[in-house]
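Enquirer: Please find start15.txt (compact mmCIF, N, CA and C atoms and all ligand atoms) on the next line:
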```
# COMPACT_ATOMS: atom_id res chain seq x y z
N MET R 42 16.23 -27.32 9.01
CA MET R 42 14.90 -27.72 8.59
C MET R 42 13.89 -27.46 9.68
N GLY R 43 12.70 -27.06 9.28
CA GLY R 43 11.65 -26.74 10.23
C GLY R 43 10.92 -27.97 10.72
N SER R 44 9.73 -27.79 11.20
CA SER R 44 8.99 -28.89 11.81
C SER R 44 8.01 -29.54 10.83
N LEU R 45 8.18 -29.28 9.56
CA LEU R 45 7.28 -29.87 8.58
C LEU R 45 7.54 -31.38 8.48
N SER R 46 6.47 -32.14 8.48
CA SER R 46 6.62 -33.60 8.38
C SER R 46 6.89 -33.98 6.93
N PRO R 47 7.44 -35.17 6.74
CA PRO R 47 7.68 -35.63 5.35
C PRO R 47 6.39 -35.61 4.52
N GLU R 48 5.27 -35.92 5.16
CA GLU R 48 3.98 -35.91 4.44
C GLU R 48 3.63 -34.49 4.00
N ASN R 49 3.83 -33.54 4.91
CA ASN R 49 3.57 -32.14 4.56
C ASN R 49 4.46 -31.68 3.41
N LEU R 50 5.72 -32.02 3.50
CA LEU R 50 6.67 -31.62 2.46
C LEU R 50 6.29 -32.22 1.12
N GLN R 51 5.86 -33.48 1.17
CA GLN R 51 5.44 -34.14 -0.06
C GLN R 51 4.24 -33.41 -0.68
N ALA R 52 3.27 -33.06 0.17
CA ALA R 52 2.07 -32.36 -0.31
C ALA R 52 2.44 -30.99 -0.89
N LEU R 53 3.33 -30.29 -0.22
CA LEU R 53 3.74 -28.96 -0.67
C LEU R 53 4.52 -29.05 -1.98
N ARG R 54 5.32 -30.09 -2.09
CA ARG R 54 6.09 -30.29 -3.32
C ARG R 54 5.14 -30.51 -4.50
N THR R 55 4.10 -31.32 -4.26
CA THR R 55 3.09 -31.56 -5.30
C THR R 55 2.42 -30.25 -5.70
N LEU R 56 2.05 -29.44 -4.70
CA LEU R 56 1.41 -28.15 -4.99
C LEU R 56 2.33 -27.26 -5.82
N LEU R 57 3.58 -27.24 -5.47
CA LEU R 57 4.54 -26.40 -6.19
C LEU R 57 4.71 -26.86 -7.64
N LEU R 58 4.77 -28.18 -7.81
CA LEU R 58 4.94 -28.70 -9.17
C LEU R 58 3.71 -28.41 -10.02
N GLN R 59 2.53 -28.51 -9.40
CA GLN R 59 1.29 -28.17 -10.12
C GLN R 59 1.29 -26.69 -10.52
N ALA R 60 1.65 -25.85 -9.56
CA ALA R 60 1.69 -24.41 -9.83
C ALA R 60 2.69 -24.12 -10.94
N GLN R 61 3.83 -24.78 -10.91
CA GLN R 61 4.84 -24.59 -11.94
C GLN R 61 4.29 -24.91 -13.33
N GLY R 62 3.59 -26.05 -13.42
CA GLY R 62 3.01 -26.45 -14.69
C GLY R 62 1.98 -25.45 -15.20
N GLN R 63 1.11 -25.00 -14.30
CA GLN R 63 0.08 -24.04 -14.68
C GLN R 63 0.69 -22.72 -15.13
N LEU R 64 1.69 -22.26 -14.41
CA LEU R 64 2.30 -20.97 -14.72
C LEU R 64 3.04 -21.03 -16.06
N GLU R 65 3.71 -22.16 -16.30
CA GLU R 65 4.41 -22.30 -17.58
C GLU R 65 3.41 -22.27 -18.74
N GLN R 66 2.26 -22.87 -18.52
CA GLN R 66 1.19 -22.84 -19.52
C GLN R 66 0.70 -21.41 -19.75
N GLN R 67 0.47 -20.69 -18.65
CA GLN R 67 0.04 -19.29 -18.74
C GLN R 67 1.03 -18.44 -19.52
N MET R 68 2.30 -18.68 -19.29
CA MET R 68 3.35 -17.94 -19.98
C MET R 68 3.27 -18.18 -21.48
N ASN R 69 3.03 -19.42 -21.86
CA ASN R 69 2.94 -19.75 -23.29
C ASN R 69 1.73 -19.10 -23.93
N ILE R 70 0.58 -19.14 -23.25
CA ILE R 70 -0.63 -18.51 -23.77
C ILE R 70 -0.39 -17.01 -23.92
N GLY R 71 0.21 -16.40 -22.90
CA GLY R 71 0.50 -14.97 -22.93
C GLY R 71 1.41 -14.61 -24.09
N LYS R 72 2.38 -15.47 -24.36
CA LYS R 72 3.32 -15.23 -25.45
C LYS R 72 2.59 -15.20 -26.79
N ILE R 73 1.69 -16.16 -26.98
CA ILE R 73 0.92 -16.23 -28.22
C ILE R 73 0.04 -14.99 -28.37
N ALA R 74 -0.68 -14.63 -27.30
CA ALA R 74 -1.57 -13.47 -27.34
C ALA R 74 -0.81 -12.20 -27.70
N ALA R 75 0.34 -11.99 -27.10
CA ALA R 75 1.14 -10.80 -27.37
C ALA R 75 1.62 -10.79 -28.81
N ALA R 76 2.01 -11.93 -29.33
CA ALA R 76 2.53 -12.02 -30.70
C ALA R 76 1.42 -11.77 -31.72
N VAL R 77 0.25 -12.32 -31.50
CA VAL R 77 -0.87 -12.17 -32.42
C VAL R 77 -1.22 -10.69 -32.60
N VAL R 78 -1.30 -9.97 -31.50
CA VAL R 78 -1.65 -8.55 -31.55
C VAL R 78 -0.63 -7.77 -32.38
N THR R 79 0.62 -8.06 -32.23
CA THR R 79 1.67 -7.37 -32.98
C THR R 79 1.48 -7.57 -34.48
N LEU R 80 1.17 -8.79 -34.88
CA LEU R 80 1.00 -9.10 -36.30
C LEU R 80 -0.22 -8.40 -36.88
N ASP R 81 -1.30 -8.29 -36.09
CA ASP R 81 -2.55 -7.74 -36.59
C ASP R 81 -2.59 -6.22 -36.65
N GLN R 82 -1.64 -5.56 -36.04
CA GLN R 82 -1.77 -4.13 -35.83
C GLN R 82 -2.00 -3.30 -37.08
N THR R 83 -1.38 -3.62 -38.19
CA THR R 83 -1.53 -2.82 -39.39
C THR R 83 -2.90 -3.03 -40.04
N ALA R 84 -3.48 -4.19 -39.83
CA ALA R 84 -4.74 -4.53 -40.51
C ALA R 84 -5.98 -3.99 -39.80
N VAL R 85 -5.90 -3.68 -38.52
CA VAL R 85 -7.11 -3.31 -37.78
C VAL R 85 -7.31 -1.80 -37.76
N GLY R 86 -8.57 -1.39 -37.56
CA GLY R 86 -8.91 0.02 -37.48
C GLY R 86 -8.42 0.65 -36.19
N ARG R 87 -8.68 1.97 -36.08
CA ARG R 87 -8.12 2.71 -34.96
C ARG R 87 -8.69 2.25 -33.61
N VAL R 88 -10.04 2.08 -33.59
CA VAL R 88 -10.68 1.71 -32.34
C VAL R 88 -10.24 0.32 -31.90
N SER R 89 -10.27 -0.61 -32.86
CA SER R 89 -9.90 -1.96 -32.47
C SER R 89 -8.40 -2.07 -32.18
N ARG R 90 -7.63 -1.11 -32.73
CA ARG R 90 -6.21 -1.12 -32.40
C ARG R 90 -5.99 -0.77 -30.92
N VAL R 91 -6.75 0.23 -30.47
CA VAL R 91 -6.68 0.59 -29.06
C VAL R 91 -7.08 -0.60 -28.20
N ASP R 92 -8.16 -1.24 -28.64
CA ASP R 92 -8.63 -2.45 -27.98
C ASP R 92 -7.55 -3.51 -27.92
N ALA R 93 -6.95 -3.70 -29.09
CA ALA R 93 -5.93 -4.73 -29.20
C ALA R 93 -4.73 -4.41 -28.31
N MET R 94 -4.39 -3.10 -28.24
CA MET R 94 -3.25 -2.71 -27.40
C MET R 94 -3.55 -2.93 -25.93
N GLN R 95 -4.82 -2.66 -25.56
CA GLN R 95 -5.20 -2.91 -24.18
C GLN R 95 -5.11 -4.40 -23.86
N GLN R 96 -5.60 -5.18 -24.81
CA GLN R 96 -5.53 -6.63 -24.61
C GLN R 96 -4.09 -7.09 -24.52
N GLN R 97 -3.26 -6.48 -25.37
CA GLN R 97 -1.86 -6.88 -25.37
C GLN R 97 -1.20 -6.53 -24.04
N SER R 98 -1.46 -5.31 -23.54
CA SER R 98 -0.81 -4.93 -22.29
C SER R 98 -1.32 -5.78 -21.14
N MET R 99 -2.60 -6.21 -21.24
CA MET R 99 -3.10 -7.13 -20.23
C MET R 99 -2.38 -8.46 -20.32
N ALA R 100 -2.19 -8.93 -21.55
CA ALA R 100 -1.48 -10.19 -21.75
C ALA R 100 -0.07 -10.07 -21.22
N VAL R 101 0.57 -8.92 -21.45
CA VAL R 101 1.94 -8.72 -20.99
C VAL R 101 2.00 -8.72 -19.46
N SER R 102 1.05 -8.01 -18.82
CA SER R 102 1.13 -7.95 -17.36
C SER R 102 0.76 -9.28 -16.72
N THR R 103 -0.17 -10.01 -17.35
CA THR R 103 -0.48 -11.35 -16.86
C THR R 103 0.77 -12.22 -16.92
N ARG R 104 1.49 -12.07 -18.04
CA ARG R 104 2.71 -12.84 -18.21
C ARG R 104 3.77 -12.46 -17.18
N GLU R 105 3.89 -11.15 -16.94
CA GLU R 105 4.88 -10.70 -15.96
C GLU R 105 4.57 -11.25 -14.57
N MET R 106 3.28 -11.23 -14.23
CA MET R 106 2.89 -11.76 -12.92
C MET R 106 3.16 -13.25 -12.85
N ALA R 107 2.84 -13.95 -13.95
CA ALA R 107 3.09 -15.39 -13.99
C ALA R 107 4.59 -15.66 -13.89
N ALA R 108 5.39 -14.82 -14.57
CA ALA R 108 6.84 -15.01 -14.55
C ALA R 108 7.39 -14.81 -13.14
N GLN R 109 6.89 -13.78 -12.45
CA GLN R 109 7.35 -13.52 -11.08
C GLN R 109 7.00 -14.67 -10.15
N ARG R 110 5.75 -15.15 -10.31
CA ARG R 110 5.33 -16.24 -9.43
C ARG R 110 6.11 -17.51 -9.76
N LEU R 111 6.34 -17.71 -11.05
CA LEU R 111 7.09 -18.89 -11.48
C LEU R 111 8.49 -18.89 -10.87
N ASN R 112 9.13 -17.73 -10.84
CA ASN R 112 10.45 -17.63 -10.21
C ASN R 112 10.40 -18.04 -8.75
N LYS R 113 9.36 -17.58 -8.05
CA LYS R 113 9.24 -17.91 -6.63
C LYS R 113 8.98 -19.39 -6.44
N VAL R 114 8.15 -19.95 -7.33
CA VAL R 114 7.85 -21.38 -7.25
C VAL R 114 9.12 -22.20 -7.47
N LYS R 115 9.91 -21.79 -8.46
CA LYS R 115 11.16 -22.52 -8.74
C LYS R 115 12.14 -22.42 -7.58
N LEU R 116 12.20 -21.23 -7.00
CA LEU R 116 13.07 -21.01 -5.84
C LEU R 116 12.63 -21.90 -4.67
N ALA R 117 11.31 -21.98 -4.47
CA ALA R 117 10.78 -22.79 -3.38
C ALA R 117 11.12 -24.27 -3.61
N LEU R 118 11.04 -24.71 -4.86
CA LEU R 118 11.39 -26.11 -5.17
C LEU R 118 12.87 -26.36 -4.91
N GLN R 119 13.71 -25.37 -5.24
CA GLN R 119 15.14 -25.46 -4.93
C GLN R 119 15.37 -25.57 -3.43
N ASN R 120 14.69 -24.70 -2.68
CA ASN R 120 14.82 -24.71 -1.22
C ASN R 120 14.37 -26.04 -0.65
N LEU R 121 13.31 -26.57 -1.24
CA LEU R 121 12.78 -27.87 -0.81
C LEU R 121 13.85 -28.95 -1.00
N ALA R 122 14.53 -28.90 -2.12
CA ALA R 122 15.57 -29.88 -2.41
C ALA R 122 16.77 -29.72 -1.49
N ASN R 123 17.00 -28.48 -1.02
CA ASN R 123 18.16 -28.21 -0.16
C ASN R 123 17.81 -28.14 1.32
N ASP R 124 16.63 -28.62 1.67
CA ASP R 124 16.19 -28.59 3.08
C ASP R 124 16.13 -27.19 3.67
N LYS R 125 15.85 -26.20 2.86
CA LYS R 125 15.76 -24.83 3.37
C LYS R 125 14.34 -24.30 3.24
N TYR R 126 13.44 -25.18 2.91
CA TYR R 126 12.08 -24.74 2.62
C TYR R 126 11.30 -24.44 3.91
N GLY R 127 10.41 -23.45 3.83
CA GLY R 127 9.49 -23.17 4.93
C GLY R 127 10.02 -22.20 5.96
N LEU R 128 11.19 -21.60 5.68
CA LEU R 128 11.72 -20.61 6.61
C LEU R 128 11.59 -19.21 6.00
N CYS R 129 11.26 -18.24 6.82
CA CYS R 129 11.12 -16.86 6.36
C CYS R 129 12.49 -16.32 5.98
N LYS R 130 12.58 -15.68 4.81
CA LYS R 130 13.90 -15.22 4.37
C LYS R 130 14.32 -13.94 5.11
N ARG R 131 13.37 -13.31 5.81
CA ARG R 131 13.72 -12.11 6.56
C ARG R 131 14.11 -12.39 8.01
N CYS R 132 13.27 -13.19 8.68
CA CYS R 132 13.50 -13.36 10.12
C CYS R 132 13.88 -14.79 10.49
N ASP R 133 13.94 -15.71 9.48
CA ASP R 133 14.35 -17.09 9.74
C ASP R 133 13.37 -17.89 10.58
N GLU R 134 12.20 -17.33 10.85
CA GLU R 134 11.18 -18.09 11.57
C GLU R 134 10.52 -19.06 10.60
N GLU R 135 9.94 -20.12 11.18
CA GLU R 135 9.20 -21.05 10.34
C GLU R 135 7.91 -20.40 9.84
N ILE R 136 7.60 -20.62 8.59
CA ILE R 136 6.35 -20.12 8.02
C ILE R 136 5.25 -21.12 8.37
N ALA R 137 4.10 -20.61 8.79
CA ALA R 137 3.01 -21.49 9.22
C ALA R 137 2.56 -22.41 8.09
N LEU R 138 2.26 -23.65 8.45
CA LEU R 138 1.87 -24.65 7.46
C LEU R 138 0.64 -24.21 6.66
N ASN R 139 -0.33 -23.61 7.35
CA ASN R 139 -1.54 -23.16 6.65
C ASN R 139 -1.21 -22.17 5.54
N ARG R 140 -0.28 -21.29 5.84
CA ARG R 140 0.14 -20.30 4.86
C ARG R 140 0.83 -20.98 3.67
N LEU R 141 1.67 -21.95 3.97
CA LEU R 141 2.38 -22.66 2.91
C LEU R 141 1.41 -23.44 2.03
N LEU R 142 0.39 -24.02 2.66
CA LEU R 142 -0.57 -24.81 1.88
C LEU R 142 -1.37 -23.89 0.97
N ALA R 143 -1.68 -22.68 1.44
CA ALA R 143 -2.44 -21.73 0.63
C ALA R 143 -1.56 -21.12 -0.45
N GLN R 144 -0.30 -20.92 -0.13
CA GLN R 144 0.62 -20.25 -1.05
C GLN R 144 2.00 -20.90 -0.89
N PRO R 145 2.17 -22.06 -1.54
CA PRO R 145 3.38 -22.85 -1.26
C PRO R 145 4.69 -22.16 -1.63
N GLU R 146 4.62 -21.11 -2.46
CA GLU R 146 5.85 -20.43 -2.85
C GLU R 146 6.24 -19.31 -1.88
N SER R 147 5.45 -19.14 -0.79
CA SER R 147 5.76 -18.09 0.18
C SER R 147 7.18 -18.23 0.71
N ASN R 148 7.91 -17.12 0.76
CA ASN R 148 9.21 -17.17 1.41
C ASN R 148 9.31 -16.15 2.54
N LEU R 149 8.14 -15.63 2.93
CA LEU R 149 8.07 -14.73 4.08
C LEU R 149 7.01 -15.24 5.04
N CYS R 150 7.25 -15.08 6.34
CA CYS R 150 6.21 -15.43 7.30
C CYS R 150 5.13 -14.36 7.27
N LEU R 151 4.04 -14.64 7.92
CA LEU R 151 2.89 -13.75 7.85
C LEU R 151 3.22 -12.34 8.35
N SER R 152 3.96 -12.23 9.45
CA SER R 152 4.22 -10.91 10.02
C SER R 152 5.20 -10.12 9.15
N CYS R 153 6.19 -10.78 8.55
CA CYS R 153 7.11 -10.07 7.65
C CYS R 153 6.38 -9.64 6.38
N GLN R 154 5.50 -10.50 5.88
CA GLN R 154 4.72 -10.14 4.70
C GLN R 154 3.84 -8.92 4.99
N ALA R 155 3.23 -8.92 6.17
CA ALA R 155 2.37 -7.80 6.56
C ALA R 155 3.17 -6.50 6.64
N LYS R 156 4.38 -6.58 7.19
CA LYS R 156 5.25 -5.39 7.26
C LYS R 156 5.60 -4.90 5.86
N LEU R 157 5.92 -5.85 5.00
CA LEU R 157 6.31 -5.50 3.63
C LEU R 157 5.13 -4.86 2.88
N ASP R 158 3.94 -5.43 3.03
CA ASP R 158 2.75 -4.88 2.39
C ASP R 158 2.47 -3.48 2.91
N GLY R 159 2.72 -3.26 4.19
CA GLY R 159 2.50 -1.95 4.78
C GLY R 159 3.40 -0.88 4.20
N GLN R 160 4.59 -1.28 3.76
CA GLN R 160 5.54 -0.33 3.18
C GLN R 160 5.17 0.11 1.77
N GLN R 161 4.44 -0.77 1.07
CA GLN R 161 4.17 -0.49 -0.33
C GLN R 161 3.04 0.49 -0.54
ZN ZN O 1 9.47 -13.39 8.97
```
Go ahead and express the file in the form of structure tokens.

Expert:
Amino acid sequence: MGSLSPENLQALRTLLLQAQGQLEQQMNIGKIAAAVVTLDQTAVGRVSRVDAMQQQSMAVSTREMAAQRLNKVKLALQNLANDKYGLCKRCDEEIALNRLLAQPESNLCLSCQAKLDGQQ
């Protein structure tokens, strides 16, 4: 376990649970939006069909992003329960508290994240 105080951990846990709730909601909205477009496709004209497809692909990618983040949030909550939270999965260094507060599902420290972003 890192140097996070029980108060910090409690605050981060709350943030993670909030994020989990919001993301699950986003996933449900995305599911409805994607389904509606599929049902309407035969009834709409050509232009609005293109429109609808664009909206659908946006809904799909929003959902994918929400799903990815949700996985990370769930993993972070698991780590929190197992006293493994707040450590970088690449270099095992503690992740800075400020970073965790801004993005509680982070599993990389700032320098590892920067290296990873540089590769992409
Ligand atoms: Zn690291």

Enquirer: For ligand ZN 1 (chain O), which residue among R:Leu50, R:Leu151, R:Ala75, R:Ala117 is the nearest when counting all atoms listed in the file?

Expert: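 The answer is R:Leu151, which sits nearest to ligand ZN 1 (chain O).
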
Enquirer: Which polymer residues have any atom within 10 Å of an atom of Cys132 (chain R), counting only C-alpha atoms, with same-chain residues fewer than 4 positions away left out, as a PyMOL selection string?

Expert: chain R and resi 128+149-150+152-153

Enquirer: Restricted to N, CA and C atoms, what would the selected residues look like written as a short mmCIF file (atom, residue, chain, number, x, y, z; two decimals), keeping the file's coordinate frame?

Expert:
```cif
data_model
loop_
_atom_site.label_atom_id
_atom_site.label_comp_id
_atom_site.auth_asym_id
_atom_site.auth_seq_id
_atom_site.Cartn_x
_atom_site.Cartn_y
_atom_site.Cartn_z
N LEU R 128 11.19 -21.60 5.68
CA LEU R 128 11.72 -20.61 6.61
C LEU R 128 11.59 -19.21 6.00
N LEU R 149 8.14 -15.63 2.93
CA LEU R 149 8.07 -14.73 4.08
C LEU R 149 7.01 -15.24 5.04
N CYS R 150 7.25 -15.08 6.34
CA CYS R 150 6.21 -15.43 7.30
C CYS R 150 5.13 -14.36 7.27
N SER R 152 3.96 -12.23 9.45
CA SER R 152 4.22 -10.91 10.02
C SER R 152 5.20 -10.12 9.15
N CYS R 153 6.19 -10.78 8.55
CA CYS R 153 7.11 -10.07 7.65
C CYS R 153 6.38 -9.64 6.38
#
```

Enquirer: Can you work out the spacing between CA of Leu121 (chain R) and CA of Arg54 (chain R) in Å, to one decimal?

Expert: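 The value is 7.5 Å.
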
Enquirer: If you count only C-alpha atoms, which residues fall within 12 Å of region 136-143 of chain R, apart from same-chain ones fewer than 5 positions away, as a PyMOL selection string?

Expert: chain R and resi 42-46+48-57+60+114+117+125-131+148-154

Enquirer: Please report the interatomic distance between CA of Met106 (chain R) and CA of Gln160 (chain R) in Å with one decimal.

Expert: 19.9 Å

Enquirer: Go through R:Lys113, R:Gln59, R:Ile70, R:Asn120 and flag the residue nearest Gln97 (chain R), using only C-alpha atoms for the distances.

Expert: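 Distance minimum relative to Gln97 (chain R) lands on R:Ile70.
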
Enquirer: Report the distance between atom C of Met68 (chain R) and atom C of Arg104 (chain R) in Å, rounded to one decimal place.

Expert: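 Distance between the two atoms: 7.2 Å.
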
Enquirer: For ligand ZN 1 (chain O), which residue out of R:Lys156, R:Asp133, R:Ser147, R:Lys72 is the nearest one, using only N, CA and C atoms and all ligand atoms?

Expert: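 Of the candidates, the smallest distance to ligand ZN 1 (chain O) is held by R:Asp133.
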
Enquirer: Can you tell me, as a PyMOL selection string, which residues in chain R count as alpha helix (DSSP H) by DSSP?

Expert: chain R and resi 47-81+87-122+138-143+151-160

Enquirer: Closest to ligand ZN 1 (chain O) among R:Asp92, R:Glu105, R:Glu135, R:Glu65, using all atoms listed in the file?

Expert: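 Residue with the minimum atom-to-atom distance to ligand ZN 1 (chain O): R:Glu135.
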